[in-house]
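Accompanying notes for the structure given below.
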Amino acid sequence: MSLEDVKIGIAFTGSFCSYNHIFPELEKLASKGAYIQTIFSHTAQTTDSRFGEAKNFLERAKDITGNEPILSIEAAEPIGPKELLDILVILPCTGNTLAKLSHGITDSPVLMAAKAHLRNERPLVLSLATNDALGMNLKNIGLILNVKNIYFIPFGQDDPLKKPNSMVAHTSLLLPTLEQALLGKQLQPVIQSPF
């Protein structure tokens, strides 16, 4: 399937350790001719961490996509009524974002983008990155798995011995997941072997 001119939203949340896997995938999408609009949560756009400075992530996203990132709830809201995206990916999707999404909470640009996008019955893809996937967030994964138009990039335990509850998406499967989600299908298997 060609992604040329497909309008793809990439929504960043605060799992900063995932960014070194995400930006190369963003570059791959751009090389396929997709139109890419990034959205950054409040945390993603303001927090500097040992993984890098927020301003550098914002600049890198703009350099790759050619578009200014969406940084506010107000700017994300038109995604729905103006039908701005064909598909939206929360990449990475933290446990906090997953929990709020599963309970209909809309308190960040990313969550507003997801809510606005889903009203158009278009695919939303989640790239899980949470230390409590097999703990407190397991119930939220179960809730989301049953929601129409929401798909997961296949995920697995990233460190079963040191972090037994942690699960992370296989971001290398972003492209095939997008292709399947655009056809209304979940890439299988959803849960794959550890990293």
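The way I read the labels, and the way they are meant: chains A, B, ... in the order of the structure tokens, residue 1 as the first residue of every chain, and ligand 1 as the first ligand shown, with later ones counted on from there.
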Using only C-alpha atoms, which residues sit within 12 Å of Pro123 in chain A once same-chain residues fewer than 5 positions away are excluded, as a compact mmCIF listing (two decimals) with C-alpha atoms, in the first residue's frame?
```txt
# COMPACT_ATOMS: atom_id res chain seq x y z
CA LYS A 7 -2.34 12.44 6.08
CA ILE A 8 -0.71 10.95 9.18
CA GLY A 9 -0.73 12.45 12.66
CA LEU A 85 -5.96 13.31 9.26
CA ASP A 86 -6.48 9.93 7.62
CA ILE A 87 -4.78 8.13 10.53
CA LEU A 88 -3.34 9.17 13.90
CA VAL A 89 -0.58 7.42 15.85
CA ILE A 90 0.19 8.07 19.51
CA ALA A 114 -7.29 11.40 19.54
CA LYS A 115 -10.84 12.34 20.56
CA ALA A 116 -11.30 14.69 17.60
CA HIS A 117 -9.89 12.12 15.17
CA LEU A 118 -12.00 9.22 16.47
CA VAL A 147 -12.76 -0.15 21.01
CA LYS A 148 -13.65 0.24 17.35
CA ASN A 149 -11.07 2.04 15.17
CA ILE A 150 -8.22 1.73 17.69
CA TYR A 151 -5.24 -0.46 16.80
CA PHE A 152 -1.94 -1.34 18.48
CA THR A 177 0.59 -1.53 11.33
CA LEU A 178 -0.44 1.68 9.57
CA GLU A 179 -1.14 -0.17 6.34
CA GLN A 180 -3.36 -2.71 8.11
CA ALA A 181 -5.14 -0.09 10.22
CA LEU A 182 -5.98 1.92 7.09
CA LEU A 183 -7.71 -1.26 5.88
CA GLY A 184 -9.54 -1.63 9.20
CA LYS A 185 -7.38 -4.54 10.40
CA GLN A 186 -5.14 -5.16 13.40
```
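Nearest to Lys28 in chain A of all the residues A:Ser166, A:Ser172, A:Thr97, A:Asn56 is A:Ser172, counting only C-alpha atoms.
Across the model, the gap from CA of Leu143 in chain A to CA of Val125 in chain A is 14.6 Å.
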*Tell me which protein, DNA and RNA residues are within 8 Å of Val6 in chain A, counting only C-alpha atoms, leaving out same-chain ones fewer than 3 positions away, and put them as a PyMOL selection string.*
chain A and resi 3+33-35+86
*Please provide as a list of chain:residue names all residues within 9 Å of Leu101 in chain A, with the sequence filter that same-chain residues fewer than 5 positions apart are discarded (counting only C-alpha atoms).*
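Final neighbour list, sorted by chain and number: A:Asn96, A:Thr106, A:Leu111, A:Ala114, A:Lys115, A:Asn140, A:Ile144.
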Same residues, N, CA and C atoms, output as a PDB file, in the first residue's frame:
```pdb
ATOM      1  N   ASN A  96       0.047   6.648  31.259  1.00  0.00           N
ATOM      2  CA  ASN A  96      -0.795   7.758  31.671  1.00  0.00           C
ATOM      3  C   ASN A  96      -1.769   8.131  30.552  1.00  0.00           C
ATOM      4  N   THR A 106      -9.781  14.190  28.298  1.00  0.00           N
ATOM      5  CA  THR A 106      -9.185  14.984  27.217  1.00  0.00           C
ATOM      6  C   THR A 106      -8.528  16.214  27.822  1.00  0.00           C
ATOM      7  N   LEU A 111      -4.483  13.975  23.621  1.00  0.00           N
ATOM      8  CA  LEU A 111      -5.787  13.358  23.893  1.00  0.00           C
ATOM      9  C   LEU A 111      -6.906  14.064  23.136  1.00  0.00           C
ATOM     10  N   ALA A 114      -6.724  12.753  19.623  1.00  0.00           N
ATOM     11  CA  ALA A 114      -7.294  11.404  19.541  1.00  0.00           C
ATOM     12  C   ALA A 114      -8.822  11.456  19.549  1.00  0.00           C
ATOM     13  N   LYS A 115      -9.382  12.225  20.471  1.00  0.00           N
ATOM     14  CA  LYS A 115     -10.841  12.335  20.561  1.00  0.00           C
ATOM     15  C   LYS A 115     -11.426  12.935  19.280  1.00  0.00           C
ATOM     16  N   ASN A 140      -6.647  -1.210  31.292  1.00  0.00           N
ATOM     17  CA  ASN A 140      -6.853  -0.203  30.251  1.00  0.00           C
ATOM     18  C   ASN A 140      -6.515  -0.736  28.868  1.00  0.00           C
ATOM     19  N   ILE A 144      -9.205  -0.856  25.774  1.00  0.00           N
ATOM     20  CA  ILE A 144      -8.903  -0.271  24.470  1.00  0.00           C
ATOM     21  C   ILE A 144      -8.928  -1.319  23.354  1.00  0.00           C
TER      22      ILE A 144
END
```
_Contact residues around Ala133 in chain A with only C-alpha atoms at 8 Å, ignoring same-chain residues under 5 positions, as an NGL selection string_ = :A and (95 or 138 or 141 or 165-167)
For the residues in that selection, give me C-alpha atoms as a PDB file, in the first residue's frame.
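Done, and the output landed in part.pdb:
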```
ATOM      1  CA  GLY A  95       0.530   4.383  30.522  1.00  0.00           C
ATOM      2  CA  LEU A 138      -3.496  -4.030  32.040  1.00  0.00           C
ATOM      3  CA  ILE A 141      -5.184  -2.239  27.517  1.00  0.00           C
ATOM      4  CA  ASN A 165       5.330  -5.358  34.116  1.00  0.00           C
ATOM      5  CA  SER A 166       6.876  -3.247  31.344  1.00  0.00           C
ATOM      6  CA  MET A 167       5.803  -3.550  27.705  1.00  0.00           C
TER       7      MET A 167
END
```
_If you run DSSP on the backbone here, which positions in range 87-192 of chain A get strand (DSSP E)? Please write them as a VMD selection string._
chain A and resid 87 to 93 124 to 130 150 to 152 155 to 157 167 to 169
Pull C-alpha atoms from the residues just selected and write them as a short mmCIF file (atom, residue, chain, number, x, y, z; two decimals), in the first residue's frame.
```cif
data_model
loop_
_atom_site.label_atom_id
_atom_site.label_comp_id
_atom_site.auth_asym_id
_atom_site.auth_seq_id
_atom_site.Cartn_x
_atom_site.Cartn_y
_atom_site.Cartn_z
CA ILE A 87 -4.78 8.13 10.53
CA LEU A 88 -3.34 9.17 13.90
CA VAL A 89 -0.58 7.42 15.85
CA ILE A 90 0.19 8.07 19.51
CA LEU A 91 3.89 7.34 19.37
CA PRO A 92 4.81 6.67 22.15
CA CYS A 93 1.64 6.03 24.14
CA LEU A 124 -6.08 5.56 15.80
CA VAL A 125 -2.88 3.55 16.37
CA LEU A 126 -1.21 3.21 19.76
CA SER A 127 2.50 2.56 20.24
CA LEU A 128 2.59 1.35 23.83
CA ALA A 129 5.47 2.33 26.12
CA THR A 130 4.63 1.77 29.78
CA ILE A 150 -8.22 1.73 17.69
CA TYR A 151 -5.24 -0.46 16.80
CA PHE A 152 -1.94 -1.34 18.48
CA PHE A 155 4.18 -4.96 21.63
CA GLY A 156 6.09 -7.16 24.07
CA GLN A 157 7.99 -7.17 27.32
CA MET A 167 5.80 -3.55 27.71
CA VAL A 168 6.90 -1.55 24.68
CA ALA A 169 5.74 -1.48 21.07
#
```
*Return the single residue from A:Pro69, A:Met136, A:Arg60, A:Phe23 that is closest to Leu98 in chain A, with distances computed using only C-alpha atoms.*
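Checking each candidate against Leu98 in chain A, we get A:Met136 as the closest.
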_Quick check, in Å to one decimal: how far apart do CA of His42 in chain A and CA of Phe16 in chain A lie?_
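Calculated distance between CA of His42 in chain A and CA of Phe16 in chain A is 13.0 Å.
Here CA of His103 in chain A and CA of Tyr19 in chain A stand 25.8 Å from one another.
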_DSSP on the backbone, helix (DSSP H, G or I) only: what residues of range 125-179 of chain A does that give? Format it as an MDAnalysis selection string._
chainID A and resid 138:145 171:179
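Using only C-alpha atoms for every distance, the candidate list A:Ala113, A:Thr94, A:Ala44, A:Gly66 yields A:Ala113 as the residue closest to Pro78 in chain A.
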*Of the listed residues A:Ser72, A:Thr13, A:Asn146, A:Thr65, that which approaches Glu27 in chain A most closely, counting only C-alpha atoms*: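 When distances to Glu27 in chain A are compared using only C-alpha atoms, the smallest one comes from A:Thr65.
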_Best match for closeness to Ser2 in chain A among A:Ser102, A:Ser31, A:Ser193, A:Ser41, counting only C-alpha atoms_ = A:Ser31
*Shell of 7 Å around Ile39 in chain A, only C-alpha atoms, local chain residues under 3 positions omitted, as number ranges by chain*: A: 10-12, 69-71, 109-110
Just-selected residues, C-alpha atoms written as a JSON list (two decimals), in the first residue's frame:
```
[["chain", "number", "residue", "atom", "x", "y", "z"],
["A", 10, "ILE", "CA", 2.11, 11.50, 14.99],
["A", 11, "ALA", "CA", 1.38, 12.38, 18.61],
["A", 12, "PHE", "CA", 4.29, 12.45, 21.07],
["A", 69, "PRO", "CA", 3.90, 20.80, 15.65],
["A", 70, "ILE", "CA", 0.48, 21.21, 17.26],
["A", 71, "LEU", "CA", 1.09, 22.29, 20.86],
["A", 109, "PRO", "CA", -3.20, 18.22, 22.89],
["A", 110, "VAL", "CA", -2.58, 14.52, 22.22]]
```
*For Glu83 in chain A, which of A:Asp5, A:Glu53, A:Asp132, A:Glu121 is the closest residue, counting only C-alpha atoms?*
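The answer is A:Glu121, which sits nearest to Glu83 in chain A.
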*Test item: residues at most 10 Å from Ala54 in chain A, only C-alpha atoms, excluding those fewer than 5 positions along its chain, as a ChimeraX atom specification*: /A:16,40,43-49,59-60
